[in-house]
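A.B. asks: Dropping in target01.cif, which is mmCIF, C-alpha atoms:
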```cif
data_target
loop_
_atom_site.group_PDB
_atom_site.id
_atom_site.type_symbol
_atom_site.label_atom_id
_atom_site.label_comp_id
_atom_site.auth_asym_id
_atom_site.auth_seq_id
_atom_site.Cartn_x
_atom_site.Cartn_y
_atom_site.Cartn_z
ATOM 1 C CA MET H 1 80.909 128.068 74.392
ATOM 2 C CA ALA H 2 83.128 127.014 71.501
ATOM 3 C CA CYS H 3 81.064 125.315 68.789
ATOM 4 C CA GLY H 4 78.250 124.690 71.271
ATOM 5 C CA HIS H 5 80.164 121.918 73.068
ATOM 6 C CA THR H 6 79.797 121.661 76.824
ATOM 7 C CA VAL H 7 82.677 122.536 79.140
ATOM 8 C CA LEU H 8 82.942 118.937 80.330
ATOM 9 C CA MET H 9 83.215 117.375 76.869
ATOM 10 C CA ARG H 10 85.704 120.010 75.725
ATOM 11 C CA LEU H 11 87.781 119.313 78.811
ATOM 12 C CA VAL H 12 87.689 115.538 78.251
ATOM 13 C CA ALA H 13 88.601 115.998 74.559
ATOM 14 C CA SER H 14 91.538 118.201 75.574
ATOM 15 C CA ALA H 15 92.601 115.832 78.368
ATOM 16 C CA TYR H 16 92.688 112.996 75.806
ATOM 17 C CA ALA H 17 95.077 114.926 73.549
ATOM 18 C CA VAL H 18 97.149 116.026 76.549
ATOM 19 C CA ALA H 19 97.363 112.417 77.824
ATOM 20 C CA GLN H 20 98.602 111.239 74.432
ATOM 21 C CA LYS H 21 101.302 113.905 74.504
ATOM 22 C CA ALA H 22 102.173 112.753 78.040
ATOM 23 C CA GLY H 23 102.619 109.181 76.803
ATOM 24 C CA MET H 24 105.068 110.429 74.160
ATOM 25 C CA ILE H 25 107.057 112.285 76.847
ATOM 26 C CA VAL H 26 107.187 109.159 79.042
ATOM 27 C CA ARG H 27 108.574 107.098 76.139
ATOM 28 C CA ARG H 28 111.032 109.823 75.140
ATOM 29 C CA VAL H 29 112.565 110.033 78.641
ATOM 30 C CA ILE H 30 113.209 106.260 78.612
ATOM 31 C CA ALA H 31 114.643 106.441 75.084
ATOM 32 C CA GLU H 32 117.041 109.236 76.091
ATOM 33 C CA GLY H 33 118.335 107.053 78.914
ATOM 34 C CA ASP H 34 118.490 109.547 81.814
ATOM 35 C CA LEU H 35 115.498 109.036 84.148
ATOM 36 C CA GLY H 36 116.670 111.696 86.632
ATOM 37 C CA ILE H 37 115.427 109.686 89.634
ATOM 38 C CA VAL H 38 115.009 111.348 93.045
ATOM 39 C CA GLU H 39 113.623 109.805 96.254
ATOM 40 C CA LYS H 40 110.710 111.757 97.744
ATOM 41 C CA THR H 41 109.819 110.228 101.125
ATOM 42 C CA CYS H 42 111.463 106.783 100.900
ATOM 43 C CA ALA H 43 113.060 104.267 98.538
ATOM 44 C CA THR H 44 109.673 103.175 97.121
ATOM 45 C CA ASP H 45 108.409 106.767 96.677
ATOM 46 C CA LEU H 46 110.271 107.974 93.620
ATOM 47 C CA GLN H 47 110.065 110.817 91.142
ATOM 48 C CA THR H 48 111.650 110.845 87.683
ATOM 49 C CA LYS H 49 112.249 113.396 84.961
ATOM 50 C CA ALA H 50 109.140 111.944 83.258
ATOM 51 C CA ASP H 51 106.959 112.652 86.334
ATOM 52 C CA ARG H 52 108.155 116.248 86.336
ATOM 53 C CA LEU H 53 107.865 116.928 82.592
ATOM 54 C CA VAL H 54 104.485 115.211 82.242
ATOM 55 C CA GLN H 55 102.962 117.082 85.164
ATOM 56 C CA MET H 56 104.176 120.390 83.734
ATOM 57 C CA SER H 57 102.778 119.429 80.341
ATOM 58 C CA ILE H 58 99.347 118.337 81.606
ATOM 59 C CA CYS H 59 98.789 121.103 84.143
ATOM 60 C CA SER H 60 100.047 123.934 81.933
ATOM 61 C CA SER H 61 98.195 122.710 78.832
ATOM 62 C CA LEU H 62 94.857 122.403 80.643
ATOM 63 C CA ALA H 63 95.296 125.621 82.662
ATOM 64 C CA ARG H 64 95.904 127.653 79.499
ATOM 65 C CA LYS H 65 92.710 126.389 77.908
ATOM 66 C CA PHE H 66 90.583 126.234 81.071
ATOM 67 C CA PRO H 67 91.954 128.950 83.383
ATOM 68 C CA LYS H 68 89.206 128.589 86.018
ATOM 69 C CA LEU H 69 89.818 124.877 86.638
ATOM 70 C CA THR H 70 91.242 123.619 89.925
ATOM 71 C CA ILE H 71 94.111 121.278 88.982
ATOM 72 C CA ILE H 72 95.794 119.138 91.648
ATOM 73 C CA GLY H 73 98.899 117.196 90.595
ATOM 74 C CA GLU H 74 100.916 114.622 92.503
ATOM 75 C CA GLU H 75 104.285 116.276 92.155
ATOM 76 C CA ASP H 76 105.216 119.294 94.247
ATOM 77 C CA LEU H 77 107.051 121.313 91.622
ATOM 78 C CA PRO H 78 108.474 124.828 91.907
ATOM 79 C CA PRO H 79 106.754 127.306 89.577
ATOM 80 C CA GLU H 80 108.818 127.750 86.430
ATOM 81 C CA GLU H 81 108.409 128.769 82.831
ATOM 82 C CA VAL H 82 107.096 125.796 80.863
ATOM 83 C CA ASP H 83 108.815 124.983 77.592
ATOM 84 C CA GLN H 84 106.426 125.575 74.689
ATOM 85 C CA GLU H 85 107.119 122.091 73.328
ATOM 86 C CA LEU H 86 105.433 120.630 76.435
ATOM 87 C CA ILE H 87 102.165 122.430 75.653
ATOM 88 C CA GLU H 88 99.398 120.497 73.896
ATOM 89 C CA ASP H 89 96.513 122.637 72.671
ATOM 90 C CA GLY H 90 94.742 120.037 70.540
ATOM 91 C CA GLN H 91 91.619 118.062 71.343
ATOM 92 C CA TRP H 92 90.281 114.663 70.336
ATOM 93 C CA GLU H 93 87.468 115.411 67.913
ATOM 94 C CA GLU H 94 85.850 111.980 68.300
ATOM 95 C CA ILE H 95 84.971 112.860 71.900
ATOM 96 C CA LEU H 96 83.280 116.089 70.819
ATOM 97 C CA LYS H 97 80.943 114.019 68.617
ATOM 98 C CA GLN H 98 79.585 112.288 71.725
ATOM 99 C CA PRO H 99 76.603 113.739 73.613
ATOM 100 C CA CYS H 100 77.274 115.175 77.054
ATOM 101 C CA PRO H 101 75.145 113.435 79.721
ATOM 102 C CA SER H 102 72.341 115.886 80.533
ATOM 103 C CA GLN H 103 73.186 116.052 84.250
ATOM 104 C CA TYR H 104 76.575 117.554 83.347
ATOM 105 C CA SER H 105 75.595 119.841 80.483
ATOM 106 C CA ALA H 106 75.474 123.058 82.545
ATOM 107 C CA ILE H 107 78.706 122.514 84.512
ATOM 108 C CA LYS H 108 80.997 125.545 84.605
ATOM 109 C CA GLU H 109 84.783 125.427 84.444
ATOM 110 C CA GLU H 110 85.150 126.637 88.020
ATOM 111 C CA ASP H 111 82.961 123.742 89.271
ATOM 112 C CA LEU H 112 85.478 121.107 88.160
ATOM 113 C CA VAL H 113 88.515 119.670 89.931
ATOM 114 C CA VAL H 114 91.149 117.795 87.894
ATOM 115 C CA TRP H 115 93.336 115.215 89.671
ATOM 116 C CA VAL H 116 96.590 114.429 87.829
ATOM 117 C CA ASP H 117 99.016 111.570 88.342
ATOM 118 C CA PRO H 118 101.666 112.236 85.693
ATOM 119 C CA LEU H 119 103.215 108.777 86.048
ATOM 120 C CA ASP H 120 101.348 106.117 88.016
ATOM 121 C CA GLY H 121 103.731 103.243 88.718
ATOM 122 C CA THR H 122 106.939 105.292 88.923
ATOM 123 C CA LYS H 123 108.882 102.573 90.753
ATOM 124 C CA GLU H 124 107.971 100.046 88.064
ATOM 125 C CA TYR H 125 108.937 102.585 85.385
ATOM 126 C CA THR H 126 112.428 102.825 86.887
ATOM 127 C CA GLU H 127 112.687 99.007 86.937
ATOM 128 C CA GLY H 128 111.604 98.472 83.329
ATOM 129 C CA LEU H 129 108.145 97.022 84.133
ATOM 130 C CA LEU H 130 106.722 99.344 81.531
ATOM 131 C CA ASP H 131 103.260 97.828 81.106
ATOM 132 C CA ASN H 132 102.514 98.826 84.746
ATOM 133 C CA VAL H 133 102.832 102.525 83.891
ATOM 134 C CA THR H 134 99.869 104.856 83.253
ATOM 135 C CA VAL H 135 99.180 108.590 83.017
ATOM 136 C CA LEU H 136 95.997 109.540 84.890
ATOM 137 C CA ILE H 137 93.741 112.588 84.443
ATOM 138 C CA GLY H 138 90.577 112.437 86.567
ATOM 139 C CA ILE H 139 87.780 115.026 86.550
ATOM 140 C CA ALA H 140 85.507 115.551 89.555
ATOM 141 C CA TYR H 141 82.309 117.539 90.108
ATOM 142 C CA GLU H 142 80.726 118.148 93.511
ATOM 143 C CA GLY H 143 83.207 115.708 95.048
ATOM 144 C CA LYS H 144 82.394 112.853 92.665
ATOM 145 C CA ALA H 145 84.678 111.441 89.960
ATOM 146 C CA ILE H 146 82.699 111.896 86.711
ATOM 147 C CA ALA H 147 85.194 111.729 83.827
ATOM 148 C CA GLY H 148 88.650 110.314 83.311
ATOM 149 C CA VAL H 149 91.444 109.622 80.866
ATOM 150 C CA ILE H 150 94.105 106.916 81.214
ATOM 151 C CA ASN H 151 97.075 106.745 78.865
ATOM 152 C CA GLN H 152 99.114 103.540 78.832
ATOM 153 C CA PRO H 153 102.372 104.632 77.156
ATOM 154 C CA TYR H 154 103.748 101.108 76.759
ATOM 155 C CA TYR H 155 100.616 99.175 75.849
ATOM 156 C CA ASN H 156 101.729 96.560 73.272
ATOM 157 C CA TYR H 157 105.422 97.031 74.066
ATOM 158 C CA GLN H 158 106.050 93.279 74.024
ATOM 159 C CA ALA H 159 104.024 92.677 70.841
ATOM 160 C CA GLY H 160 106.948 93.092 68.463
ATOM 161 C CA PRO H 161 108.516 95.977 66.513
ATOM 162 C CA ASP H 162 105.497 96.532 64.237
ATOM 163 C CA ALA H 163 102.973 96.940 67.061
ATOM 164 C CA VAL H 164 101.456 100.355 67.701
ATOM 165 C CA LEU H 165 102.802 101.501 71.057
ATOM 166 C CA GLY H 166 100.495 103.031 73.642
ATOM 167 C CA ARG H 167 96.742 103.589 73.962
ATOM 168 C CA THR H 168 94.346 106.008 75.614
ATOM 169 C CA ILE H 169 91.219 104.942 77.498
ATOM 170 C CA TRP H 170 88.555 107.488 78.436
ATOM 171 C CA GLY H 171 85.147 107.579 80.051
ATOM 172 C CA VAL H 172 82.318 109.785 81.306
ATOM 173 C CA LEU H 173 79.688 108.594 83.778
ATOM 174 C CA GLY H 174 76.361 108.252 82.005
ATOM 175 C CA LEU H 175 78.057 107.933 78.619
ATOM 176 C CA GLY H 176 80.393 104.949 78.930
ATOM 177 C CA ALA H 177 84.082 104.066 78.689
ATOM 178 C CA PHE H 178 86.047 103.654 75.479
ATOM 179 C CA GLY H 179 89.404 102.521 74.119
ATOM 180 C CA PHE H 180 89.461 98.897 75.352
ATOM 181 C CA GLN H 181 87.540 95.618 75.087
ATOM 182 C CA LEU H 182 85.505 94.914 78.222
ATOM 183 C CA LYS H 183 86.102 91.383 79.461
ATOM 184 C CA GLU H 184 85.226 89.535 82.665
ATOM 185 C CA VAL H 185 87.178 86.956 84.651
ATOM 186 C CA PRO H 186 85.671 83.463 84.131
ATOM 187 C CA ALA H 187 82.725 82.811 86.484
ATOM 188 C CA GLY H 188 83.723 81.362 89.830
ATOM 189 C CA LYS H 189 87.349 82.514 89.561
ATOM 190 C CA HIS H 190 88.638 84.844 92.306
ATOM 191 C CA ILE H 191 91.794 86.599 91.135
ATOM 192 C CA ILE H 192 93.056 89.418 93.328
ATOM 193 C CA THR H 193 95.302 92.222 92.108
ATOM 194 C CA THR H 194 97.201 94.105 94.792
ATOM 195 C CA THR H 195 100.288 96.180 95.424
ATOM 196 C CA ARG H 196 103.707 95.066 94.309
ATOM 197 C CA SER H 197 105.889 97.510 96.237
ATOM 198 C CA HIS H 198 103.768 98.777 99.176
ATOM 199 C CA SER H 199 102.711 95.572 100.919
ATOM 200 C CA ASN H 200 102.421 94.984 104.674
ATOM 201 C CA GLN H 201 100.747 92.537 107.071
ATOM 202 C CA LEU H 202 97.361 94.251 106.803
ATOM 203 C CA VAL H 203 97.423 94.106 102.994
ATOM 204 C CA MET H 204 98.346 90.412 103.083
ATOM 205 C CA ASP H 205 95.696 89.568 105.714
ATOM 206 C CA CYS H 206 92.991 91.179 103.634
ATOM 207 C CA VAL H 207 94.099 89.456 100.416
ATOM 208 C CA THR H 208 94.215 86.053 102.191
ATOM 209 C CA ALA H 209 90.681 86.592 103.551
ATOM 210 C CA MET H 210 89.406 86.779 99.958
ATOM 211 C CA ASN H 211 90.364 83.088 99.525
ATOM 212 C CA PRO H 212 91.824 83.843 96.086
ATOM 213 C CA ASP H 213 92.602 81.373 93.321
ATOM 214 C CA ASP H 214 95.467 83.618 92.304
ATOM 215 C CA VAL H 215 97.124 86.867 93.428
ATOM 216 C CA LEU H 216 98.694 89.345 91.009
ATOM 217 C CA ARG H 217 101.191 91.803 92.498
ATOM 218 C CA VAL H 218 101.618 94.717 90.116
ATOM 219 C CA GLY H 219 102.366 98.437 90.199
ATOM 220 C CA GLY H 220 100.015 101.353 89.626
ATOM 221 C CA ALA H 221 96.338 101.889 90.506
ATOM 222 C CA GLY H 222 95.531 102.673 86.880
ATOM 223 C CA ASN H 223 97.101 99.399 85.789
ATOM 224 C CA LYS H 224 95.095 97.424 88.377
ATOM 225 C CA ILE H 225 91.782 98.902 87.240
ATOM 226 C CA ILE H 226 92.713 98.029 83.630
ATOM 227 C CA GLN H 227 93.250 94.439 84.838
ATOM 228 C CA LEU H 228 89.677 94.451 86.206
ATOM 229 C CA ILE H 229 88.056 95.744 83.014
ATOM 230 C CA GLU H 230 90.073 93.416 80.763
ATOM 231 C CA GLY H 231 89.290 90.223 82.679
ATOM 232 C CA LYS H 232 92.723 89.619 84.191
ATOM 233 C CA ALA H 233 91.603 90.163 87.810
ATOM 234 C CA SER H 234 88.296 90.120 89.662
ATOM 235 C CA ALA H 235 89.112 92.434 92.581
ATOM 236 C CA TYR H 236 91.665 95.114 93.454
ATOM 237 C CA VAL H 237 92.335 94.901 97.187
ATOM 238 C CA PHE H 238 94.628 97.378 98.940
ATOM 239 C CA ALA H 239 94.054 97.475 102.709
ATOM 240 C CA SER H 240 96.473 100.260 103.535
ATOM 241 C CA PRO H 241 96.886 104.007 103.329
ATOM 242 C CA GLY H 242 99.286 105.070 100.580
ATOM 243 C CA CYS H 243 97.078 105.411 97.540
ATOM 244 C CA LYS H 244 96.082 109.036 96.801
ATOM 245 C CA LYS H 245 93.165 110.785 95.122
ATOM 246 C CA TRP H 246 95.105 111.313 91.881
ATOM 247 C CA ASP H 247 95.705 107.521 91.760
ATOM 248 C CA THR H 248 92.021 106.642 91.931
ATOM 249 C CA CYS H 249 90.019 109.498 90.337
ATOM 250 C CA ALA H 250 90.416 108.627 86.633
ATOM 251 C CA PRO H 251 90.453 104.803 87.094
ATOM 252 C CA GLU H 252 87.321 104.955 89.270
ATOM 253 C CA VAL H 253 85.404 106.677 86.454
ATOM 254 C CA ILE H 254 86.398 104.051 83.871
ATOM 255 C CA LEU H 255 85.347 101.259 86.251
ATOM 256 C CA HIS H 256 82.059 102.902 87.276
ATOM 257 C CA ALA H 257 81.190 103.710 83.648
ATOM 258 C CA VAL H 258 81.101 99.962 82.860
ATOM 259 C CA GLY H 259 79.162 98.944 85.970
ATOM 260 C CA GLY H 260 82.007 98.276 88.400
ATOM 261 C CA LYS H 261 82.517 99.707 91.886
ATOM 262 C CA LEU H 262 85.416 101.326 93.753
ATOM 263 C CA THR H 263 85.276 102.320 97.435
ATOM 264 C CA ASP H 264 87.490 102.437 100.483
ATOM 265 C CA ILE H 265 87.847 99.214 102.497
ATOM 266 C CA HIS H 266 84.716 100.120 104.553
ATOM 267 C CA GLY H 267 82.556 100.543 101.438
ATOM 268 C CA ASN H 268 82.549 104.357 101.507
ATOM 269 C CA ALA H 269 82.636 106.300 98.240
ATOM 270 C CA LEU H 270 85.801 108.380 97.761
ATOM 271 C CA GLN H 271 85.447 112.176 97.732
ATOM 272 C CA TYR H 272 87.300 114.360 95.238
ATOM 273 C CA ASN H 273 86.445 117.977 96.104
ATOM 274 C CA LYS H 274 89.423 120.335 96.161
ATOM 275 C CA GLU H 275 89.548 120.630 99.978
ATOM 276 C CA VAL H 276 89.660 116.869 100.585
ATOM 277 C CA LYS H 277 92.780 115.226 102.045
ATOM 278 C CA HIS H 278 94.885 113.663 99.334
ATOM 279 C CA MET H 279 95.473 110.296 101.008
ATOM 280 C CA ASN H 280 92.950 107.468 100.612
ATOM 281 C CA SER H 281 93.649 106.554 104.234
ATOM 282 C CA ALA H 282 91.117 103.699 104.410
ATOM 283 C CA GLY H 283 92.542 101.832 101.418
ATOM 284 C CA VAL H 284 90.807 100.707 98.219
ATOM 285 C CA LEU H 285 88.444 97.895 97.261
ATOM 286 C CA ALA H 286 87.385 97.694 93.608
ATOM 287 C CA THR H 287 85.642 95.114 91.428
ATOM 288 C CA LEU H 288 84.045 94.916 87.999
ATOM 289 C CA ARG H 289 81.407 92.451 89.271
ATOM 290 C CA ASN H 290 80.420 90.783 92.581
ATOM 291 C CA TYR H 291 81.512 93.699 94.780
ATOM 292 C CA ASP H 292 79.432 92.474 97.744
ATOM 293 C CA TYR H 293 81.195 89.098 97.775
ATOM 294 C CA TYR H 294 84.590 90.744 98.261
ATOM 295 C CA ALA H 295 83.368 93.485 100.612
ATOM 296 C CA SER H 296 81.823 90.863 102.899
ATOM 297 C CA ARG H 297 85.177 89.113 103.255
ATOM 298 C CA VAL H 298 87.155 92.133 104.507
ATOM 299 C CA PRO H 299 88.172 91.164 108.083
ATOM 300 C CA GLN H 300 86.881 93.351 110.917
ATOM 301 C CA SER H 301 90.459 93.622 112.186
ATOM 302 C CA VAL H 302 91.440 95.258 108.882
ATOM 303 C CA LYS H 303 88.516 97.690 109.063
ATOM 304 C CA ASN H 304 89.414 98.572 112.652
ATOM 305 C CA ALA H 305 92.986 99.355 111.613
ATOM 306 C CA LEU H 306 92.006 101.668 108.722
ATOM 307 C CA VAL H 307 90.300 104.874 109.744
ATOM 308 C CA PRO H 308 88.599 106.805 106.904
#
```
Let's see the structure in the file written out as structure tokens.
C.D. replies:
Amino acid sequence: MACGHTVLMRLVASAYAVAQKAGMIVRRVIAEGDLGIVEKTCATDLQTKADRLVQMSICSSLARKFPKLTIIGEEDLPPEEVDQELIEDGQWEEILKQPCPSQYSAIKEEDLVVWVDPLDGTKEYTEGLLDNVTVLIGIAYEGKAIAGVINQPYYNYQAGPDAVLGRTIWGVLGLGAFGFQLKEVPAGKHIITTTRSHSNQLVMDCVTAMNPDDVLRVGGAGNKIIQLIEGKASAYVFASPGCKKWDTCAPEVILHAVGGKLTDIHGNALQYNKEVKHMNSAGVLATLRNYDYYASRVPQSVKNALVP
């Protein structure tokens, strides 16, 4: 092992550097002005040049360094030669200074599955809602999400020309989550964050049943989990299929690392082994605190309609 560091911590340190590179690519595509938008399955399921370039960058960079990894990315791309300028072979040294949780110290490369969403919130990206956009790299072991990196390419984009653009959040279960200030919604406030572009009657029924003080409709699963950990929302409620494993793997780790909880709408943990189906067909329920309060309010009719 290089320098005595564990496989997991080397992978997280590399994923951090790769995610930062991804954020630069996302900003560059916008700056160049040609998003190269194509519809995948419908008008709300889009892919841009940034999705394609970032996935190539992340998957190729990690595969070169960790050839025995299983890497599953959102975009179905034809195999092609990857431009050398998309490759990131650096690592974030600060992460390598952290101790690896003992339960993960003997993990081998081939035991890990990496779930990649190159651009979470693509529709919002195309509409200029740039703070909704994240790059997600989640790492799973034995079906459980254990480490994750979230890059927010446009964090601070409305803070003026001198603001530093973008940030990277990372976490490992048993170690913690870093790169943000943990904050809770004021006690007694029930603020729900839910989908902006994939709503339906079931989603609305479930949100209404939470008796919320306020409802935020935003894009991106990564963005919604950031709202939970920064005190902008108390629960993420999405009572519908549509969200996929690459949407939830990295955000789930960050939330769990600070004591939160993410499940499907029935309360089942999500599974991330490489054979698992990609769709989270029973929706998502996530909170930083008071999970049981929200879980108890999910209507039976909603549960009946969503089969795990």
A.B. asks: For stretch 114-202 of chain H versus stretch 227-239 of chain H, which residues have an atom no more than 12 Å away, and what is each residue's nearest atom pair and distance in Å rounded to one decimal, using all atoms listed in the file, chain-then-number order, as a tab-separated table?
C.D. replies:
```
residue	atom	partner	partner_atom	distance
H:Asp131	CA	H:Gln227	CA	11.2
H:Asn132	CA	H:Gln227	CA	10.3
H:Ile169	CA	H:Ile229	CA	11.2
H:Ala177	CA	H:Ile229	CA	10.2
H:Phe178	CA	H:Ile229	CA	11.1
H:Gly179	CA	H:Ile229	CA	11.3
H:Phe180	CA	H:Glu230	CA	7.7
H:Gln181	CA	H:Glu230	CA	6.6
H:Leu182	CA	H:Glu230	CA	5.4
H:Lys183	CA	H:Glu230	CA	4.6
H:Glu184	CA	H:Gly231	CA	4.1
H:Val185	CA	H:Gly231	CA	4.4
H:Pro186	CA	H:Gly231	CA	7.8
H:Ala187	CA	H:Ser234	CA	9.7
H:Gly188	CA	H:Ser234	CA	9.9
H:Lys189	CA	H:Ser234	CA	7.7
H:His190	CA	H:Ser234	CA	5.9
H:Ile191	CA	H:Ala233	CA	4.9
H:Ile192	CA	H:Ala235	CA	5.0
H:Thr193	CA	H:Tyr236	CA	4.8
H:Thr194	CA	H:Val237	CA	5.5
H:Thr195	CA	H:Phe238	CA	6.8
H:Arg196	CA	H:Phe238	CA	10.5
H:Ser197	CA	H:Phe238	CA	11.6
H:His198	CA	H:Phe238	CA	9.2
H:Ser199	CA	H:Phe238	CA	8.5
H:Asn200	CA	H:Ala239	CA	8.9
H:Gln201	CA	H:Ala239	CA	9.4
H:Leu202	CA	H:Ala239	CA	6.2
```
A.B. asks: Written as a ChimeraX atom specification, which residues does the PyMOL selection byres ((chain H and resi 295-297) around 9) give for the file shown?
C.D. replies: /H:206,209-211,265-267,285,290-294,298-300
A.B. asks: Using all atoms listed in the file for the distances, tell me which of H:Gly283, H:Gly143, H:Gly242, H:Gly160 is nearest to H:Leu262.
C.D. replies: H:Gly283
A.B. asks: Give me the residues near stretch 31-41 of chain H as a ChimeraX atom specification, where near means some atom within 8 Å (using all atoms listed in the file) and where sequence neighbours in that chain fewer than 5 positions away do not count.
C.D. replies: /H:46-50,126
A.B. asks: Can I get the selected residues back with C-alpha atoms, as a tab-separated table (two decimals), in the coordinates of the input?
C.D. replies:
```tsv
chain	number	residue	atom	x	y	z
H	46	LEU	CA	110.27	107.97	93.62
H	47	GLN	CA	110.06	110.82	91.14
H	48	THR	CA	111.65	110.84	87.68
H	49	LYS	CA	112.25	113.40	84.96
H	50	ALA	CA	109.14	111.94	83.26
H	126	THR	CA	112.43	102.82	86.89
```
A.B. asks: Between atom CA of H:Trp115 and atom CA of H:Gly128, what is the distance, to one decimal in Å?
C.D. replies: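 If I compute the distance from atom CA of H:Trp115 to atom CA of H:Gly128, I get 25.6 Å.
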A.B. asks: Determine the residue set returned by the PyMOL selection byres ((chain H and resi 130) around 12) for the present structure, and present it as a ChimeraX atom specification.
C.D. replies: /H:23,26-27,30,119-129,131-134,152-158,165-166,218-220,223
A.B. asks: Measure the distance from atom CA of H:Val82 to atom CA of H:Lys65 in Å and round it to one decimal.
C.D. replies: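 Computing the Euclidean distance for atom CA of H:Val82 and atom CA of H:Lys65 yields 14.7 Å.
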A.B. asks: When you count all atoms listed in the file, which of these residues is closest to H:Trp246: H:Asp205, H:Asp83, H:Glu75, H:Glu275?
C.D. replies: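 The shortest atom-to-atom distance to H:Trp246 comes from H:Glu75.
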A.B. asks: Can you tell me how far atom CA of H:Ser301 sits from atom CA of H:Leu216, in Å to one decimal?
C.D. replies: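 Interatomic distance here is 23.1 Å.
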A.B. asks: Where does the PyMOL selection byres ((chain H and resi 138) around 6) land in this file, that is, which residues does it pick, as a PDB file with C-alpha atoms, in the frame of the given file?
C.D. replies:
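Final output, result_1.pdb:
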```pdb
ATOM      1  CA  VAL H 114      91.149 117.795  87.894  1.00  0.00           C
ATOM      2  CA  TRP H 115      93.336 115.215  89.671  1.00  0.00           C
ATOM      3  CA  ILE H 137      93.741 112.588  84.443  1.00  0.00           C
ATOM      4  CA  ILE H 139      87.780 115.026  86.550  1.00  0.00           C
ATOM      5  CA  GLY H 148      88.650 110.314  83.311  1.00  0.00           C
ATOM      6  CA  CYS H 249      90.019 109.498  90.337  1.00  0.00           C
ATOM      7  CA  ALA H 250      90.416 108.627  86.633  1.00  0.00           C
TER       8      ALA H 250
END
```
A.B. asks: Starting from 8 Å padding per side, set up an axis-aligned box that covers all listed atoms of stretch 280-292 of chain H and hand over centre and edge lengths in Å, one decimal, as AutoDock Vina command-line options.
C.D. replies:
```
--center_x 86.5 --center_y 99.1 --center_z 96.2 --size_x 30.2 --size_y 32.7 --size_z 32.4
```
A.B. asks: May I have the residues at most 9 Å from (82.5, 120.9, 81.2) in the file's coordinates, counting only C-alpha atoms, as a list in words?
C.D. replies: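 I get His5, Thr6, Val7, Leu8, Met9, Arg10, Leu11, Val12, Cys100, Tyr104, Ser105, Ala106, Ile107, Lys108, Glu109, Asp111 and Leu112 of chain H for the residues within 9 Å of that point.
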A.B. asks: Excluding H:Pro241 and residues on its chain fewer than 6 positions from it, collect all residues at most 6 Å away from it, counting all atoms listed in the file, and give them as JSON, numbers by chain.
C.D. replies: {"H": [280, 281, 282, 283]}
A.B. asks: So, counting only C-alpha atoms, which residue among H:Asp45, H:Glu110, H:Glu81, H:Asp51 is closest to H:Ala140?
C.D. replies: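 Checking each candidate against H:Ala140, we get H:Glu110 as the closest.
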A.B. asks: H:Val203, H:Val307, H:Val18, H:Ala163: which is nearest H:Met56, counting all atoms listed in the file?
C.D. replies: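 Nearest candidate to H:Met56 out of H:Val203, H:Val307, H:Val18, H:Ala163: H:Val18.
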A.B. asks: Using all atoms listed in the file, find each residue in stretch 107-190 of chain H having at least one atom no more than 8 Å away from stretch 251-256 of chain H; report its shortest atom-to-atom pair and that distance in Å (one decimal), rows by chain then rising number, as CSV.
C.D. replies:
```
residue,atom,partner,partner_atom,distance
H:Leu136,CA,H:Pro251,CA,7.6
H:Gly138,CA,H:Pro251,CA,7.7
H:Ala145,CA,H:Val253,CA,6.0
H:Ile146,CA,H:Val253,CA,5.9
H:Ala147,CA,H:Val253,CA,5.7
H:Gly148,CA,H:Val253,CA,5.8
H:Val149,CA,H:Pro251,CA,7.9
H:Ile150,CA,H:Pro251,CA,7.2
H:Trp170,CA,H:Ile254,CA,6.8
H:Gly171,CA,H:Ile254,CA,5.3
H:Val172,CA,H:Val253,CA,6.8
H:Leu173,CA,H:Val253,CA,6.6
H:Gly176,CA,H:Ile254,CA,7.8
H:Ala177,CA,H:Ile254,CA,5.7
```
A.B. asks: Nearest to H:Cys243: which of H:Asp76, H:Asp162, H:Asp117, H:Asp214 is it, counting all atoms listed in the file?
C.D. replies: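 Closest candidate: H:Asp117.
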A.B. asks: So, with all atoms listed in the file as the atoms that count, which of H:Leu175, H:Val284, H:Ala221, H:Val116 lies closest to H:Pro101?
C.D. replies: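 Counting all atoms listed in the file, the residue closest to H:Pro101 is H:Leu175.
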A.B. asks: Any chance you could model N, CA and C atoms for stretch 106-112 of chain H and send them as a PDB file, in the coordinates of the input?
C.D. replies:
```
ATOM      1  N   ALA H 106      75.378 121.650  82.117  1.00  0.00           N
ATOM      2  CA  ALA H 106      75.474 123.058  82.545  1.00  0.00           C
ATOM      3  C   ALA H 106      76.662 123.326  83.467  1.00  0.00           C
ATOM      4  N   ILE H 107      77.545 122.337  83.625  1.00  0.00           N
ATOM      5  CA  ILE H 107      78.706 122.514  84.512  1.00  0.00           C
ATOM      6  C   ILE H 107      79.592 123.640  83.999  1.00  0.00           C
ATOM      7  N   LYS H 108      80.061 124.468  84.947  1.00  0.00           N
ATOM      8  CA  LYS H 108      80.997 125.545  84.605  1.00  0.00           C
ATOM      9  C   LYS H 108      82.420 125.085  84.910  1.00  0.00           C
ATOM     10  N   GLU H 109      83.359 125.733  84.245  1.00  0.00           N
ATOM     11  CA  GLU H 109      84.783 125.427  84.444  1.00  0.00           C
ATOM     12  C   GLU H 109      85.176 125.428  85.920  1.00  0.00           C
ATOM     13  N   GLU H 110      84.730 126.468  86.617  1.00  0.00           N
ATOM     14  CA  GLU H 110      85.150 126.637  88.020  1.00  0.00           C
ATOM     15  C   GLU H 110      84.548 125.590  88.960  1.00  0.00           C
ATOM     16  N   ASP H 111      83.577 124.796  88.454  1.00  0.00           N
ATOM     17  CA  ASP H 111      82.961 123.742  89.271  1.00  0.00           C
ATOM     18  C   ASP H 111      83.777 122.456  89.259  1.00  0.00           C
ATOM     19  N   LEU H 112      84.768 122.373  88.380  1.00  0.00           N
ATOM     20  CA  LEU H 112      85.478 121.107  88.160  1.00  0.00           C
ATOM     21  C   LEU H 112      86.843 121.083  88.852  1.00  0.00           C
TER      22      LEU H 112
END
```
